[in-house]
Structure formats: structure tokens, C-alpha cells
$ cat input.cif   # mmCIF, C-alpha atoms
data_run
#
loop_
_atom_site.label_atom_id
_atom_site.label_comp_id
_atom_site.auth_asym_id
_atom_site.auth_seq_id
_atom_site.Cartn_x
_atom_site.Cartn_y
_atom_site.Cartn_z
CA ASP A 1 24.52 -26.28 -5.40
CA GLU A 2 25.95 -22.80 -4.88
CA ILE A 3 26.09 -23.26 -1.09
CA ALA A 4 27.52 -26.78 -1.33
CA GLU A 5 30.27 -25.57 -3.66
CA PHE A 6 31.03 -22.66 -1.31
CA ARG A 7 31.35 -24.94 1.72
CA ASP A 8 33.42 -27.57 -0.10
CA THR A 9 35.85 -24.85 -1.19
CA ALA A 10 35.97 -23.37 2.35
CA ARG A 11 36.80 -26.77 3.86
CA ARG A 12 39.55 -27.42 1.30
CA GLU A 13 41.09 -24.02 1.98
CA GLY A 14 40.63 -24.21 5.75
CA HIS A 15 38.18 -21.28 5.93
CA SER A 16 34.93 -20.88 7.87
CA THR A 17 31.94 -22.60 6.27
CA LEU A 18 29.55 -19.89 7.52
CA PHE A 19 27.64 -18.82 4.42
CA ARG A 20 27.45 -15.17 3.45
CA SER A 21 25.30 -14.67 0.38
CA PRO A 22 27.16 -13.18 -2.61
CA TRP A 23 23.96 -11.22 -3.34
CA ARG A 24 23.73 -9.46 0.03
CA ASP A 25 25.14 -6.18 -1.31
CA ALA A 26 24.47 -6.64 -5.03
CA ASP A 27 22.48 -4.06 -6.99
CA THR A 28 18.98 -5.37 -7.68
CA SER A 29 19.47 -4.70 -11.39
CA THR A 30 22.06 -7.49 -11.44
CA HIS A 31 19.80 -10.13 -9.88
CA PRO A 32 19.15 -13.11 -12.19
CA ASP A 33 15.60 -13.90 -13.29
CA SER A 34 15.40 -17.15 -11.35
CA PRO A 35 13.96 -18.49 -8.07
CA TYR A 36 15.60 -17.05 -4.96
CA VAL A 37 15.65 -17.44 -1.21
CA ILE A 38 15.11 -14.71 1.38
CA ARG A 39 17.91 -14.56 3.95
CA ILE A 40 18.70 -12.60 7.09
CA LYS A 41 21.42 -10.10 6.21
CA ALA A 42 23.50 -10.86 9.28
CA PRO A 43 25.85 -8.12 10.53
CA GLN A 44 29.50 -8.90 9.81
CA ASN A 45 31.16 -6.86 12.55
CA GLY A 46 30.65 -6.32 16.27
CA GLU A 47 28.52 -8.38 18.61
CA THR A 48 24.87 -9.33 19.09
CA VAL A 49 23.53 -9.49 22.66
CA ILE A 50 20.58 -11.77 23.35
CA ARG A 51 18.84 -10.88 26.62
CA ASP A 52 17.73 -14.34 27.71
CA GLN A 53 15.39 -14.52 30.72
CA VAL A 54 17.01 -17.76 31.91
CA GLN A 55 20.68 -17.42 30.98
CA GLY A 56 20.94 -13.67 31.19
CA ASP A 57 22.80 -11.74 28.50
CA VAL A 58 24.30 -14.02 25.84
CA THR A 59 26.88 -12.31 23.61
CA ILE A 60 27.61 -13.69 20.13
CA SER A 61 30.30 -12.44 17.79
CA ASN A 62 28.63 -11.38 14.55
CA ALA A 63 31.48 -13.06 12.66
CA GLN A 64 29.85 -16.36 13.73
CA LEU A 65 26.44 -15.58 12.20
CA ASP A 66 25.23 -17.12 8.95
CA ASP A 67 23.04 -15.35 6.41
CA MET A 68 20.28 -17.73 7.49
CA VAL A 69 17.34 -18.63 5.24
CA LEU A 70 13.94 -17.21 6.16
CA LEU A 71 12.02 -18.22 3.05
CA ARG A 72 12.96 -20.99 0.63
CA SER A 73 13.01 -20.53 -3.13
CA ASP A 74 9.67 -22.35 -3.51
CA GLY A 75 8.02 -19.78 -1.22
CA THR A 76 7.78 -22.09 1.81
CA LEU A 77 9.26 -21.91 5.30
CA SER A 78 11.69 -24.57 6.46
CA ASN A 79 10.73 -26.71 9.44
CA ARG A 80 13.52 -25.01 11.39
CA VAL A 81 12.00 -21.56 10.83
CA LYS A 82 8.50 -22.78 11.71
CA GLU A 83 9.82 -24.38 14.89
CA ALA A 84 11.54 -21.11 15.82
CA LEU A 85 8.26 -19.21 15.36
CA HIS A 86 6.39 -21.71 17.53
CA HIS A 87 9.09 -21.56 20.23
CA ALA A 88 8.84 -17.76 20.20
CA HIS A 89 5.06 -17.94 20.54
CA ALA A 90 5.34 -20.45 23.40
CA ALA A 91 7.77 -18.08 25.15
CA GLY A 92 5.14 -15.32 25.15
CA ILE A 93 6.37 -13.38 22.12
CA HIS A 94 3.60 -12.14 19.83
CA VAL A 95 4.18 -13.75 16.42
CA VAL A 96 1.82 -12.03 13.98
CA PRO A 97 1.77 -13.40 10.42
CA SER A 98 0.75 -10.67 7.99
CA THR A 99 -0.34 -11.68 4.52
CA GLY A 100 -1.64 -10.01 1.41
CA ARG A 101 -4.11 -12.86 1.06
CA PRO A 102 -7.76 -12.12 1.74
CA LEU A 103 -9.00 -14.25 4.63
CA LEU A 104 -11.24 -16.13 2.22
CA VAL A 105 -8.28 -17.66 0.35
CA ALA A 106 -5.70 -17.88 3.14
CA ASP A 107 -6.44 -21.38 4.47
CA ASP A 108 -3.29 -22.91 2.97
CA VAL A 109 -1.09 -20.21 4.52
CA ILE A 110 -2.77 -20.62 7.92
CA GLN A 111 -2.34 -24.39 7.82
CA ALA A 112 1.30 -24.09 6.75
CA LEU A 113 2.21 -21.97 9.79
CA ASP A 114 -0.22 -23.58 12.26
CA LEU A 115 -0.37 -20.47 14.45
CA ASP A 116 -3.78 -19.64 15.86
CA ASN A 117 -3.28 -16.25 17.51
CA TYR A 118 -3.23 -12.80 15.85
CA TRP A 119 -3.11 -12.62 12.04
CA VAL A 120 -3.28 -9.70 9.62
CA PHE A 121 -5.01 -10.43 6.31
CA ALA A 122 -5.59 -8.60 3.03
CA ASN A 123 -2.60 -6.28 3.52
CA GLY A 124 -4.01 -4.84 6.72
CA ALA A 125 -7.75 -4.75 6.03
CA ILE A 126 -8.53 -7.42 8.63
CA THR A 127 -6.83 -8.24 11.95
CA LYS A 128 -8.20 -11.41 13.49
CA HIS A 129 -7.45 -13.67 16.46
CA LEU A 130 -7.98 -17.12 15.01
CA GLU A 131 -8.27 -19.14 18.22
CA ARG A 132 -10.98 -16.81 19.54
CA ASP A 133 -12.52 -16.42 16.06
CA GLU A 134 -12.55 -12.68 16.80
CA VAL A 135 -12.15 -9.87 14.28
CA VAL A 136 -10.03 -7.40 16.22
CA ARG A 137 -10.11 -4.63 13.62
CA ALA A 138 -11.37 -4.14 10.08
CA TYR A 139 -11.18 -1.34 7.54
CA TRP A 140 -13.99 -0.92 5.02
CA MET A 141 -14.18 0.87 1.68
CA ASP A 142 -17.05 3.18 0.73
CA PRO A 143 -19.05 1.54 -2.10
CA SER A 144 -18.86 4.72 -4.20
CA VAL A 145 -15.04 4.57 -3.99
CA ALA A 146 -15.02 0.91 -5.06
CA GLN A 147 -17.31 1.70 -7.98
CA GLY A 148 -15.06 4.57 -9.05
CA ILE A 149 -12.00 2.31 -9.00
CA VAL A 150 -13.65 -0.21 -11.33
CA VAL A 151 -14.82 2.52 -13.72
CA ASP A 152 -11.38 4.20 -13.83
CA ILE A 153 -9.48 0.97 -14.47
CA ARG A 154 -11.93 -0.17 -17.13
CA ALA A 155 -11.43 3.13 -18.93
CA ALA A 156 -7.65 2.56 -18.95
CA MET A 157 -7.71 -1.23 -19.39
CA PRO A 158 -10.93 -2.44 -21.06
CA GLU A 159 -9.84 -6.10 -20.78
CA ALA A 160 -9.30 -5.94 -17.02
CA LYS A 161 -11.49 -8.12 -14.82
CA PHE A 162 -12.48 -7.67 -11.20
CA ALA A 163 -13.47 -9.21 -7.92
CA ILE A 164 -14.83 -7.42 -4.85
CA GLU A 165 -13.74 -8.68 -1.45
CA LEU A 166 -16.71 -8.41 0.89
CA GLU A 167 -17.10 -8.95 4.61
CA HIS A 168 -18.57 -12.42 4.12
CA GLY A 169 -17.44 -13.51 0.68
CA VAL A 170 -16.44 -12.23 -2.72
CA SER A 171 -18.20 -11.11 -5.88
CA HIS A 172 -16.10 -12.12 -8.86
CA GLU A 173 -16.07 -12.04 -12.61
CA PRO A 174 -15.17 -15.07 -14.77
CA GLY A 175 -11.52 -16.14 -14.46
CA PHE A 176 -10.98 -15.22 -10.80
CA VAL A 177 -11.45 -18.74 -9.43
CA GLU A 178 -8.45 -19.98 -11.42
CA ARG A 179 -6.21 -17.44 -9.65
CA VAL A 180 -6.87 -18.45 -6.05
CA PRO A 181 -5.86 -21.62 -4.16
CA VAL A 182 -9.32 -21.94 -2.60
CA ALA A 183 -12.32 -21.30 -4.82
CA PRO A 184 -14.60 -18.54 -3.49
CA TYR A 185 -18.23 -19.26 -2.86
CA GLY A 186 -20.88 -18.54 -5.43
CA PRO A 187 -20.88 -18.37 -9.22
CA ALA A 188 -19.11 -15.70 -11.25
CA ILE A 189 -21.14 -12.69 -12.35
CA PRO A 190 -20.73 -10.69 -15.57
CA ASP A 191 -20.09 -7.36 -13.83
CA VAL A 192 -18.88 -6.79 -10.26
CA LEU A 193 -20.66 -3.43 -10.21
CA ASP A 194 -23.80 -5.52 -9.73
CA GLY A 195 -22.27 -7.44 -6.83
CA MET A 196 -21.32 -4.75 -4.33
CA HIS A 197 -23.65 -5.89 -1.58
CA GLY A 198 -22.55 -5.50 2.03
CA ARG A 199 -19.37 -4.04 3.46
CA ILE A 200 -16.41 -3.88 1.05
CA GLN A 201 -12.78 -4.55 1.98
CA LYS A 202 -10.89 -4.41 -1.31
CA VAL A 203 -11.18 -4.22 -5.08
CA LEU A 204 -9.18 -6.94 -6.84
CA VAL A 205 -8.11 -6.61 -10.46
CA PHE A 206 -6.75 -9.28 -12.80
CA HIS A 207 -5.94 -9.51 -16.48
CA ASP A 208 -5.56 -12.44 -18.86
CA ASP A 209 -2.76 -10.91 -20.95
CA LEU A 210 -0.61 -8.88 -18.51
CA ASP A 211 2.01 -10.23 -16.13
CA ILE A 212 1.61 -9.18 -12.51
CA ASP A 213 4.22 -6.40 -12.60
CA SER A 214 2.75 -4.84 -15.75
CA LEU A 215 -0.71 -5.09 -14.21
CA PHE A 216 0.51 -3.37 -11.05
CA GLN A 217 2.00 -0.49 -13.03
CA ALA A 218 -1.09 -0.06 -15.21
CA THR A 219 -3.39 -0.19 -12.19
CA ASP A 220 -1.30 2.35 -10.30
CA ALA A 221 -1.47 4.73 -13.26
CA ALA A 222 -5.25 4.39 -13.60
CA ILE A 223 -6.43 5.02 -10.03
CA GLU A 224 -6.75 8.13 -7.88
CA ASP A 225 -4.27 9.16 -5.18
CA ASP A 226 -6.63 8.32 -2.30
CA VAL A 227 -6.30 4.57 -2.98
CA VAL A 228 -3.26 2.38 -3.42
CA PRO A 229 -2.52 -0.90 -5.28
CA CYS A 230 -0.72 -3.76 -3.58
CA TYR A 231 0.67 -7.13 -4.55
CA THR A 232 -1.04 -10.11 -2.91
CA GLY A 233 1.26 -13.04 -3.66
CA LEU A 234 -1.36 -14.28 -6.12
CA GLU A 235 -2.13 -13.41 -9.74
CA PHE A 236 -4.16 -10.31 -9.02
CA ILE A 237 -3.61 -6.83 -7.64
CA GLU A 238 -5.66 -5.51 -4.75
CA ILE A 239 -6.68 -1.91 -4.23
CA ALA A 240 -7.41 -0.39 -0.85
CA ALA A 241 -7.79 2.96 0.82
CA LYS A 242 -4.35 4.54 1.05
CA LEU A 243 -3.83 4.08 4.79
CA THR A 244 -4.98 0.45 4.79
CA THR A 245 -1.62 -1.32 4.97
CA LYS A 246 0.08 -4.04 6.96
CA ALA A 247 2.03 -1.31 8.77
CA THR A 248 -1.17 0.49 9.84
CA ALA A 249 -2.72 -2.74 11.10
CA LEU A 250 0.40 -3.83 12.98
CA ASP A 251 0.85 -0.39 14.53
CA ALA A 252 -2.72 -0.49 15.84
CA LEU A 253 -2.21 -4.02 17.17
CA CYS A 254 0.98 -2.95 18.98
CA ILE A 255 -1.03 -0.22 20.72
CA ASP A 256 -3.67 -2.81 21.68
CA LEU A 257 -1.02 -5.12 23.12
CA GLY A 258 1.09 -2.41 24.74
CA VAL A 259 4.12 -3.28 22.62
CA SER A 260 6.61 -0.52 21.79
CA PRO A 261 7.70 -0.21 18.13
CA SER A 262 11.28 -0.58 19.37
CA ALA A 263 10.41 -4.10 20.51
CA VAL A 264 9.15 -5.20 17.07
CA ALA A 265 11.09 -7.09 14.40
CA ALA A 266 9.45 -7.41 10.98
CA PHE A 267 10.45 -9.60 8.03
CA GLY A 268 9.04 -9.50 4.51
CA ASP A 269 9.76 -10.45 0.91
CA ASN A 270 7.69 -8.15 -1.31
CA HIS A 271 6.61 -4.57 -2.04
CA ASN A 272 3.65 -4.79 0.34
CA ASP A 273 6.02 -5.50 3.26
CA VAL A 274 7.78 -2.16 3.04
CA ALA A 275 6.41 0.71 5.12
#

$ encode --input "input.cif" --output "C-alpha cells"
Amino acid sequence: DEIAEFRDTARREGHSTLFRSPWRDADTSTHPDSPYVIRIKAPQNGETVIRDQVQGDVTISNAQLDDMVLLRSDGTLSNRVKEALHHAHAAGIHVVPSTGRPLLVADDVIQALDLDNYWVFANGAITKHLERDEVVRAYWMDPSVAQGIVVDIRAAMPEAKFAIELEHGVSHEPGFVERVPVAPYGPAIPDVLDGMHGRIQKVLVFHDDLDIDSLFQATDAAIEDDVVPCYTGLEFIEIAAKLTTKATALDALCIDLGVSPSAVAAFGDNHNDVA
């Protein structure tokens, strides 16, 4: 409605209908508590040069650029954005989706994008090439560190509950299944400290009475400095070793692929996308 009203007014007054978001420079404290879209903050002055391998250099005045939508207010990508990603992939550009989701509960995200090359899961813990079904890189947590995390958080938040993301599954306490789009295998167990079998990727913490931001803050206050909490896009907080991030994983993948950081463009919509 906001965009339609803007464009109707622009047409009546004979102005450009290119949409520039009124929130592009607004202080975050003034943002309304309502669904929002993620847009490209297009430059307003100067020119953008696209170095096309067929047409050569294509110069566009930045005054002609919209603040285009990357992510819709319901958290989905438009067909236009998905088509652009697929065209980029077909042109030989590495398109690497990076999600906070553990691989175990990422099927809906994978299907939505329908890209089968490199993916980063669990905020950097796993890098996998889906078409080859190959784990390119994985970061594991020492079991004693995972145990310490659970003990520290329980001391600060006795009502907190946990799941342990393992190499081939997840150990989880009651209530975790309701927080994920794909139910993990196996029944819930009373205490995840009894389910730390095999290699550990992350500790996941959830709470029946705290919203996700309050849980993040309480978790951050309870744990040691050598581990870090992250949002996941779901109703739990994950905890990993401090250097296990999307940025670390993508940096290592760039080295693998021989891609310079100056040739990388990254887009994100949450705390775990900032590095």
C-alpha cells in the first residue's frame, strides 16, 4: 500500500516512480514493530558500471536505480530474485547460500532456492556441495566445551532446554521438535548431557517463556568468551566456538575457489550476517 500510494502520487505530480524507501536512512530506534522487507540501498548519486562479458562496460546512472526488494516481508524471495540467482549461477558466478539453519532442518530453505552447489549451514559449521553430496569443511566442538555450555546456562536459566547438533543427527530435550520445520530423528531425551555421542557441531538452547531476543541476551551473559551465541532464524539460539561463523566459512571457501574478497558481494538480514 505504501509503495502504491507513493507511485500514484509521483504519477500525478509528474515525478519519477522509482521507489526509494523512506526507511533507508532512518534510525533503527524509529522502526515500527511490524513485518518489513529487506531492500538494496541503491546509491543515489554517480554511476554504476557493469562489466558485461558480452556487451562490454554498461554504465547506468544511479538516479535510475530502485531500492529493489531482496527479501519479502514474509521472509521469502520473489521469483524475480530467485531467477536472478539462477542466472548468476548459470553464468559461472558462485552463488553460496549461507543459513543459520542446521543441515538437518534446512530442507525447506534448500527447496525454496533450488540451488545444488555450495551451501553454508549452521552459521558456518558446515560447508557442503549438495550436488556432489560432499562436505567441504566442518568445524567441531570439543564435548567438554559443549557440556560446560549446558551447565553454565542451566545455572543462569534453570528453565532453559537444549538440543545438541551432531554430525549425523541431533539429541534434543522435550519441546525442540515444535521449533523446527522438519522434525529431527529419534525421541526426546530428558537431559542432553546424556546424548553427546559422536562429533558435536553446536549447542542449541530454547526456552518456553522467553522471546528470542531475551533468550539471546540471557545466553550471551551466561556463557564464556571462547564461544558465541547466534540467531538461527528459528525459535532457538545456537552456540558455537567463537571463530565458527558464516564469515569464516565463506572466507575459507573463497580461498578454495581462488576468489578474491574484492570480488564478493554479500547480502543478509540478521545479526548472524554481520562480520

$ closest_atom_pairs --input "input.cif" --of "range 130-176 of chain A" --to "range 224-242 of chain A" --cutoff "12 Å" --atoms "all atoms listed in the file" --output "Markdown table"
| residue | atom | partner | partner_atom | distance |
| --- | --- | --- | --- | --- |
| A:Tyr139 | CA | A:Ala241 | CA | 8.7 |
| A:Trp140 | CA | A:Ala241 | CA | 8.4 |
| A:Met141 | CA | A:Ala241 | CA | 6.8 |
| A:Asp142 | CA | A:Ala241 | CA | 9.3 |
| A:Pro143 | CA | A:Ala241 | CA | 11.7 |
| A:Val145 | CA | A:Val227 | CA | 8.8 |
| A:Ala146 | CA | A:Ala240 | CA | 8.8 |
| A:Gln147 | CA | A:Ile239 | CA | 11.8 |
| A:Gly148 | CA | A:Glu224 | CA | 9.1 |
| A:Ile149 | CA | A:Glu224 | CA | 7.9 |
| A:Val150 | CA | A:Ile239 | CA | 10.1 |
| A:Val151 | CA | A:Glu224 | CA | 11.4 |
| A:Asp152 | CA | A:Glu224 | CA | 8.5 |
| A:Ile153 | CA | A:Glu224 | CA | 10.1 |
| A:Ala160 | CA | A:Phe236 | CA | 10.5 |
| A:Lys161 | CA | A:Phe236 | CA | 9.6 |
| A:Phe162 | CA | A:Phe236 | CA | 9.0 |
| A:Ala163 | CA | A:Glu238 | CA | 9.2 |
| A:Ile164 | CA | A:Glu238 | CA | 9.4 |
| A:Glu165 | CA | A:Glu238 | CA | 9.3 |
| A:Gly175 | CA | A:Phe236 | CA | 10.9 |
| A:Phe176 | CA | A:Phe236 | CA | 8.6 |

$ resolve_selection --input "input.cif" --expression "the PyMOL selection byres ((chain A and resi 32-43) around 12)" --output "number ranges by chain"
A: 2-3, 18-31, 44-48, 60-78, 81, 265-270

$ resolve_selection --input "input.cif" --expression "the PyMOL selection byres ((chain A and resi 188) around 6)" --output "list in words"
His172, Glu173, Pro174, Pro187 and Ile189 of chain A

$ write_last_selection --input "input.cif" --atoms "C-alpha atoms" --output "PDB file, in the coordinates of the input"
ATOM      1  CA  HIS A 172     -16.100 -12.120  -8.860  1.00  0.00           C
ATOM      2  CA  GLU A 173     -16.070 -12.040 -12.610  1.00  0.00           C
ATOM      3  CA  PRO A 174     -15.170 -15.070 -14.770  1.00  0.00           C
ATOM      4  CA  PRO A 187     -20.880 -18.370  -9.220  1.00  0.00           C
ATOM      5  CA  ILE A 189     -21.140 -12.690 -12.350  1.00  0.00           C
TER       6      ILE A 189
END

$ resolve_selection --input "input.cif" --expression "the PyMOL selection byres ((chain A and resi 49) around 6)" --output "list in words"
Thr48, Ile50, Val58 and Thr59 of chain A

$ atom_distance --input "input.cif" --atom1 "CA of Asn117 in chain A" --atom2 "CA of Glu131 in chain A"
5.8 Å

$ residues_around --input "input.cif" --residues "Asp114 in chain A" --least-positions-apart "2" --cutoff "12 Å" --atoms "only C-alpha atoms" --output "list in words"
Leu77, Asn79, Lys82, Glu83, Leu85, His86, His89, Val95, Val96, Pro97, Asp107, Asp108, Val109, Ile110, Gln111, Ala112, Asp116, Asn117, Tyr118, Trp119, Leu130 and Glu131 of chain A

$ residues_around --input "input.cif" --residues "Thr99 in chain A" --least-positions-apart "6" --cutoff "8 Å" --atoms "all atoms listed in the file" --output "ChimeraX atom specification"
/A:120-123,232

$ atom_distance --input "input.cif" --atom1 "CA of Ala252 in chain A" --atom2 "CA of Val135 in chain A"
13.4 Å
